[in-house]
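Chemist: Hey, dropping run13.txt in here, compact mmCIF, C-alpha atoms:
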```txt
# COMPACT_ATOMS: atom_id res chain seq x y z
CA GLY A 1 16.57 4.29 -8.30
CA GLU A 2 12.91 3.47 -7.95
CA ASN A 3 11.17 4.12 -4.63
CA VAL A 4 7.77 2.56 -4.00
CA GLU A 5 5.60 3.65 -1.09
CA GLN A 6 2.61 1.60 0.01
CA HIS A 7 -0.31 2.49 2.27
CA PRO A 8 -1.78 1.48 4.60
CA SER A 9 0.60 -0.86 6.39
CA THR A 10 -2.33 -2.69 8.01
CA LEU A 11 -5.95 -2.98 6.95
CA SER A 12 -8.80 -4.69 8.76
CA VAL A 13 -12.09 -5.15 6.93
CA GLN A 14 -15.37 -6.90 7.59
CA GLU A 15 -16.04 -9.91 5.42
CA GLY A 16 -17.93 -8.81 2.33
CA ASP A 17 -16.55 -5.26 2.40
CA SER A 18 -13.99 -3.85 -0.04
CA ALA A 19 -10.29 -3.33 0.58
CA VAL A 20 -8.12 -0.75 -1.16
CA ILE A 21 -4.33 -0.53 -1.07
CA LYS A 22 -2.49 2.38 -2.63
CA CYS A 23 1.05 2.74 -3.92
CA THR A 24 3.12 5.53 -5.36
CA TYR A 25 6.35 5.25 -7.33
CA SER A 26 9.08 7.72 -8.13
CA ASP A 27 10.62 6.67 -11.46
CA SER A 28 8.56 7.78 -14.44
CA ALA A 29 10.39 5.16 -16.55
CA SER A 30 8.71 2.32 -14.62
CA ASN A 31 6.39 0.47 -16.95
CA TYR A 32 5.14 -2.64 -15.16
CA PHE A 33 3.24 -2.82 -11.87
CA PRO A 34 2.49 -6.22 -10.31
CA TRP A 35 0.72 -7.06 -7.08
CA TYR A 36 1.70 -10.01 -4.93
CA LYS A 37 -0.13 -11.84 -2.14
CA GLN A 38 1.95 -13.55 0.52
CA GLU A 39 0.31 -15.99 2.90
CA LEU A 40 1.99 -17.01 6.13
CA GLY A 41 4.99 -19.24 5.53
CA LYS A 42 4.74 -19.03 1.74
CA GLY A 43 6.38 -17.13 -1.06
CA PRO A 44 4.78 -14.10 -2.72
CA GLN A 45 2.21 -15.08 -5.35
CA LEU A 46 1.51 -12.87 -8.36
CA ILE A 47 -2.21 -12.05 -8.33
CA ILE A 48 -2.58 -9.29 -10.90
CA ASP A 49 -0.42 -6.89 -12.87
CA ILE A 50 -0.80 -3.87 -15.09
CA ARG A 51 1.37 -2.34 -17.75
CA SER A 52 1.93 1.35 -18.27
CA ASN A 53 -0.24 1.57 -21.38
CA VAL A 54 -3.34 0.40 -19.48
CA GLY A 55 -5.36 2.37 -16.92
CA GLU A 56 -7.35 -0.42 -15.31
CA LYS A 57 -7.46 -4.20 -15.20
CA LYS A 58 -9.89 -6.52 -13.48
CA ASP A 59 -9.83 -10.21 -12.61
CA GLN A 60 -12.90 -11.46 -10.78
CA ARG A 61 -12.89 -9.76 -7.35
CA ILE A 62 -9.61 -7.93 -7.76
CA ALA A 63 -8.84 -4.89 -9.85
CA VAL A 64 -5.87 -2.62 -10.30
CA THR A 65 -5.83 0.98 -11.47
CA LEU A 66 -2.88 3.02 -12.69
CA ASN A 67 -2.49 6.78 -12.94
CA LYS A 68 0.82 7.37 -14.73
CA THR A 69 0.59 11.13 -14.49
CA ALA A 70 0.30 11.05 -10.72
CA LYS A 71 2.49 7.92 -10.42
CA HIS A 72 -0.16 6.14 -8.38
CA PHE A 73 -1.53 2.64 -8.63
CA SER A 74 -4.04 0.85 -6.45
CA LEU A 75 -5.38 -2.62 -5.70
CA HIS A 76 -9.08 -3.08 -5.07
CA ILE A 77 -10.51 -6.26 -3.58
CA THR A 78 -14.29 -6.50 -3.53
CA GLU A 79 -16.51 -8.84 -1.49
CA THR A 80 -13.60 -9.78 0.75
CA GLN A 81 -13.43 -13.31 2.13
CA PRO A 82 -11.41 -14.77 5.03
CA GLU A 83 -9.01 -16.35 2.54
CA ASP A 84 -8.08 -12.86 1.34
CA SER A 85 -6.25 -12.33 4.65
CA ALA A 86 -2.55 -12.04 3.79
CA VAL A 87 0.23 -9.55 3.20
CA TYR A 88 -0.06 -7.74 -0.12
CA PHE A 89 2.88 -6.14 -1.92
CA CYS A 90 2.89 -3.70 -4.78
CA ALA A 91 5.92 -3.36 -7.01
CA ALA A 92 7.18 -1.27 -9.87
CA ARG A 93 9.61 -2.32 -12.54
CA ASP A 94 12.04 -0.03 -14.29
CA ASP A 95 14.38 -1.29 -17.01
CA TYR A 96 15.80 -4.18 -15.13
CA LYS A 97 14.37 -4.86 -11.66
CA LEU A 98 11.31 -4.86 -9.44
CA SER A 99 11.17 -2.53 -6.45
CA PHE A 100 8.65 -3.51 -3.80
CA GLY A 101 6.48 -1.56 -1.42
CA ALA A 102 6.71 -2.35 2.28
CA GLY A 103 3.56 -4.48 2.28
CA THR A 104 0.02 -4.24 3.64
CA THR A 105 -1.25 -6.80 6.14
CA VAL A 106 -4.91 -7.37 5.33
CA THR A 107 -7.15 -9.03 7.90
CA VAL A 108 -10.68 -10.00 6.91
CA ARG A 109 -12.96 -10.31 9.95
CA ALA A 110 -15.64 -12.95 9.74
CA ASP B 1 4.32 -29.70 -10.11
CA THR B 2 6.36 -27.16 -8.21
CA ALA B 3 7.38 -24.29 -10.49
CA VAL B 4 10.13 -22.74 -8.35
CA SER B 5 11.55 -24.89 -5.58
CA GLN B 6 14.12 -24.18 -2.89
CA THR B 7 16.04 -26.32 -0.44
CA PRO B 8 16.23 -26.36 2.46
CA LYS B 9 13.05 -24.74 3.76
CA TYR B 10 14.60 -24.08 7.15
CA LEU B 11 18.27 -23.58 7.98
CA VAL B 12 19.57 -23.02 11.50
CA THR B 13 23.29 -22.49 11.88
CA GLN B 14 25.88 -20.77 14.02
CA MET B 15 27.76 -17.60 13.35
CA GLY B 16 30.86 -18.07 11.26
CA ASN B 17 29.59 -21.11 9.38
CA ASP B 18 29.25 -21.38 5.59
CA LYS B 19 25.95 -22.52 4.08
CA SER B 20 24.25 -22.88 0.72
CA ILE B 21 20.67 -22.59 -0.47
CA LYS B 22 19.59 -24.22 -3.72
CA CYS B 23 16.93 -23.14 -6.19
CA GLU B 24 15.48 -24.82 -9.24
CA GLN B 25 12.77 -23.72 -11.66
CA ASN B 26 10.97 -25.91 -14.19
CA LEU B 27 9.23 -23.06 -16.02
CA GLY B 28 11.84 -22.73 -18.74
CA HIS B 29 12.50 -19.12 -17.71
CA ASP B 30 15.72 -17.37 -18.67
CA THR B 31 16.06 -15.15 -15.61
CA MET B 32 16.41 -16.08 -11.95
CA TYR B 33 16.70 -13.97 -8.81
CA TRP B 34 17.54 -14.04 -5.13
CA TYR B 35 15.61 -11.83 -2.75
CA LYS B 36 16.00 -11.24 0.99
CA GLN B 37 12.95 -10.63 3.17
CA ASP B 38 13.75 -9.15 6.55
CA SER B 39 11.80 -9.40 9.80
CA LYS B 40 9.64 -6.44 8.74
CA LYS B 41 8.64 -8.31 5.57
CA PHE B 42 10.55 -5.93 3.30
CA LEU B 43 11.56 -7.64 0.04
CA LYS B 44 14.85 -6.60 -1.51
CA ILE B 45 16.56 -7.98 -4.57
CA MET B 46 20.07 -9.31 -4.12
CA PHE B 47 21.07 -10.88 -7.42
CA SER B 48 19.70 -11.68 -10.85
CA TYR B 49 21.01 -14.05 -13.50
CA ASN B 50 19.97 -14.22 -17.12
CA ASN B 51 21.01 -17.36 -18.99
CA LYS B 52 23.66 -18.06 -16.36
CA GLU B 53 25.10 -14.54 -16.53
CA LEU B 54 24.98 -12.14 -13.59
CA ILE B 55 22.96 -9.05 -14.53
CA ILE B 56 22.00 -7.56 -11.16
CA ASN B 57 24.28 -7.41 -8.16
CA GLU B 58 22.82 -5.09 -5.55
CA THR B 59 24.79 -3.86 -2.58
CA VAL B 60 25.36 -7.23 -0.97
CA PRO B 61 28.38 -8.24 1.14
CA ASN B 62 31.02 -10.28 -0.68
CA ARG B 63 30.22 -13.13 1.69
CA PHE B 64 27.22 -13.83 -0.54
CA SER B 65 28.05 -15.57 -3.79
CA PRO B 66 25.45 -16.75 -6.28
CA LYS B 67 26.19 -19.52 -8.77
CA SER B 68 24.15 -20.59 -11.76
CA PRO B 69 25.28 -23.96 -13.15
CA ASP B 70 22.54 -23.79 -15.80
CA LYS B 71 19.56 -21.57 -16.48
CA ALA B 72 17.22 -23.76 -14.40
CA HIS B 73 19.32 -23.51 -11.23
CA LEU B 74 20.54 -20.63 -9.11
CA ASN B 75 22.29 -21.36 -5.84
CA LEU B 76 23.30 -18.98 -3.08
CA HIS B 77 26.38 -19.59 -0.99
CA ILE B 78 26.97 -17.57 2.16
CA ASN B 79 30.35 -17.49 3.92
CA SER B 80 31.06 -16.53 7.51
CA LEU B 81 27.43 -16.18 8.50
CA GLU B 82 26.48 -13.28 10.75
CA LEU B 83 23.48 -12.69 13.02
CA GLY B 84 22.19 -10.04 10.59
CA ASP B 85 21.94 -12.61 7.82
CA SER B 86 18.92 -14.12 9.55
CA ALA B 87 16.02 -13.64 7.18
CA VAL B 88 13.86 -15.46 4.64
CA TYR B 89 15.55 -15.86 1.27
CA PHE B 90 13.38 -16.22 -1.82
CA CYS B 91 14.36 -17.43 -5.22
CA ALA B 92 12.30 -16.27 -8.19
CA SER B 93 12.27 -16.71 -11.95
CA SER B 94 10.81 -14.77 -14.85
CA GLN B 95 10.54 -14.82 -18.60
CA PHE B 96 9.60 -11.22 -19.52
CA HIS B 97 8.08 -9.27 -16.66
CA GLU B 98 6.12 -11.75 -14.54
CA GLN B 99 8.19 -13.08 -11.64
CA TYR B 100 7.32 -16.28 -9.82
CA PHE B 101 8.65 -16.91 -6.34
CA GLY B 102 9.74 -20.04 -4.56
CA PRO B 103 8.49 -20.99 -1.09
CA GLY B 104 11.45 -19.41 0.70
CA THR B 105 14.27 -20.56 2.97
CA ARG B 106 14.15 -19.31 6.53
CA LEU B 107 17.74 -18.83 7.68
CA THR B 108 18.39 -18.42 11.39
CA VAL B 109 21.90 -17.61 12.55
CA THR B 110 22.56 -18.13 16.24
```
I'd like the structure from this file rewritten - as structure tokens, please.
Modeler:
Amino acid sequence: GENVEQHPSTLSVQEGDSAVIKCTYSDSASNYFPWYKQELGKGPQLIIDIRSNVGEKKDQRIAVTLNKTAKHFSLHITETQPEDSAVYFCAARDDYKLSFGAGTTVTVRA
Amino acid sequence: DTAVSQTPKYLVTQMGNDKSIKCEQNLGHDTMYWYKQDSKKFLKIMFSYNNKELIINETVPNRFSPKSPDKAHLNLHINSLELGDSAVYFCASSQFHEQYFGPGTRLTVT
């Protein structure tokens, strides 16, 4: 089955700086890679996703890149704001289910 | 309007009891899921239903039984609750790849 590894587990950044979270996956058949943001006491919220036929996707301050050859994908948050503080999860989907990374707790210092 | 809703939000019960968690989605999606999030925030799929049919049944004790009365509802019944069942349980739904999560039910078994 799919195995998704996520790094780092915690990330502290100064407001206005960038944050980068990296994930690797094991199953070359995986073809869909979403990122979720989970705030305290809430469910995970889909913030951006990328499909295997695309190398990069951007939505305002967040962007995701995918390297299928290396089986890496990354989330980039620019100009971080205090409301970006949350736990972020990457995931990879094979034919029938999502497998999640262990999460990255991002803290944005004011 | 709430897209994916769960009840109750909190559930405190004693070992050995039987309890149910309910989930409803108003997105018109065909597929619904139950996930378990442990104390380390790790998200793991338990079950998935597509049009009321079970399509994913991960390694979950038989004490857990999902039921889907229609494609907008997926309930989770847990028999003989154990201390290790304490976790946050999330319902989710999807229509193709994008999955949308409910707010979660925090189950505490004492």
Chemist: May I ask which of the residues A:Leu40, A:Ile47, A:Ala102, A:Ile62 is the closest one to A:Ile77, counting all atoms listed in the file?
Modeler: A:Ile62
Chemist: Could the residues of chain A within 12 Å of chain B, counting only C-alpha atoms, be given as a PyMOL selection string, please?
Modeler: chain A and resi 1+3-6+9+30-51+86-105
Chemist: Of the candidates B:Thr108, B:Phe64, B:Ile21, B:Thr31, which one gets nearest to B:Leu83 if we count all atoms listed in the file?
Modeler: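 Of B:Thr108, B:Phe64, B:Ile21, B:Thr31, the one nearest B:Leu83 is B:Thr108, counting all atoms listed in the file.
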Chemist: What is the atom CA of B:Leu27-atom CA of B:Ala87 distance in Å, reported with one decimal?
Modeler: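 Between these atoms lies a distance of 25.9 Å.
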Chemist: For atom CA of B:Ser93 and atom CA of B:Gln6, determine how far apart the two atoms are, in Å to one decimal place.
Modeler: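 Pair atom CA of B:Ser93 / atom CA of B:Gln6 returns 11.9 Å.
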Chemist: Give me the residues within 7 Å of B:Thr110 as a PyMOL selection string, counting all atoms listed in the file and dropping any in the same chain fewer than 6 places off.
Modeler: chain B and resi 13-15+83
Chemist: What separation in Å, quoted to one decimal, exists between atom CA of A:Val106 and atom CA of B:Met32?
Modeler: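 Answer for the atom CA of A:Val106 to atom CA of B:Met32 separation: 28.8 Å.
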Chemist: Do a neighbour search on A:Thr65 at 8 Å with only C-alpha atoms, toss out local chain neighbours closer than 4 positions, and write the hits as a PyMOL selection string.
Modeler: chain A and resi 50+55-57+73-75
Chemist: Which polymer residues have any atom within 6 Å of an atom of B:Asp30, counting only C-alpha atoms, with same-chain residues fewer than 2 positions away left out, as a ChimeraX atom specification?
Modeler: /B:50-51,95
Chemist: Determine the nearest neighbour of B:Ser65 from the options B:Ser94, B:Ser20, B:Ser39, B:Asn26, counting only C-alpha atoms.
Modeler: B:Ser20
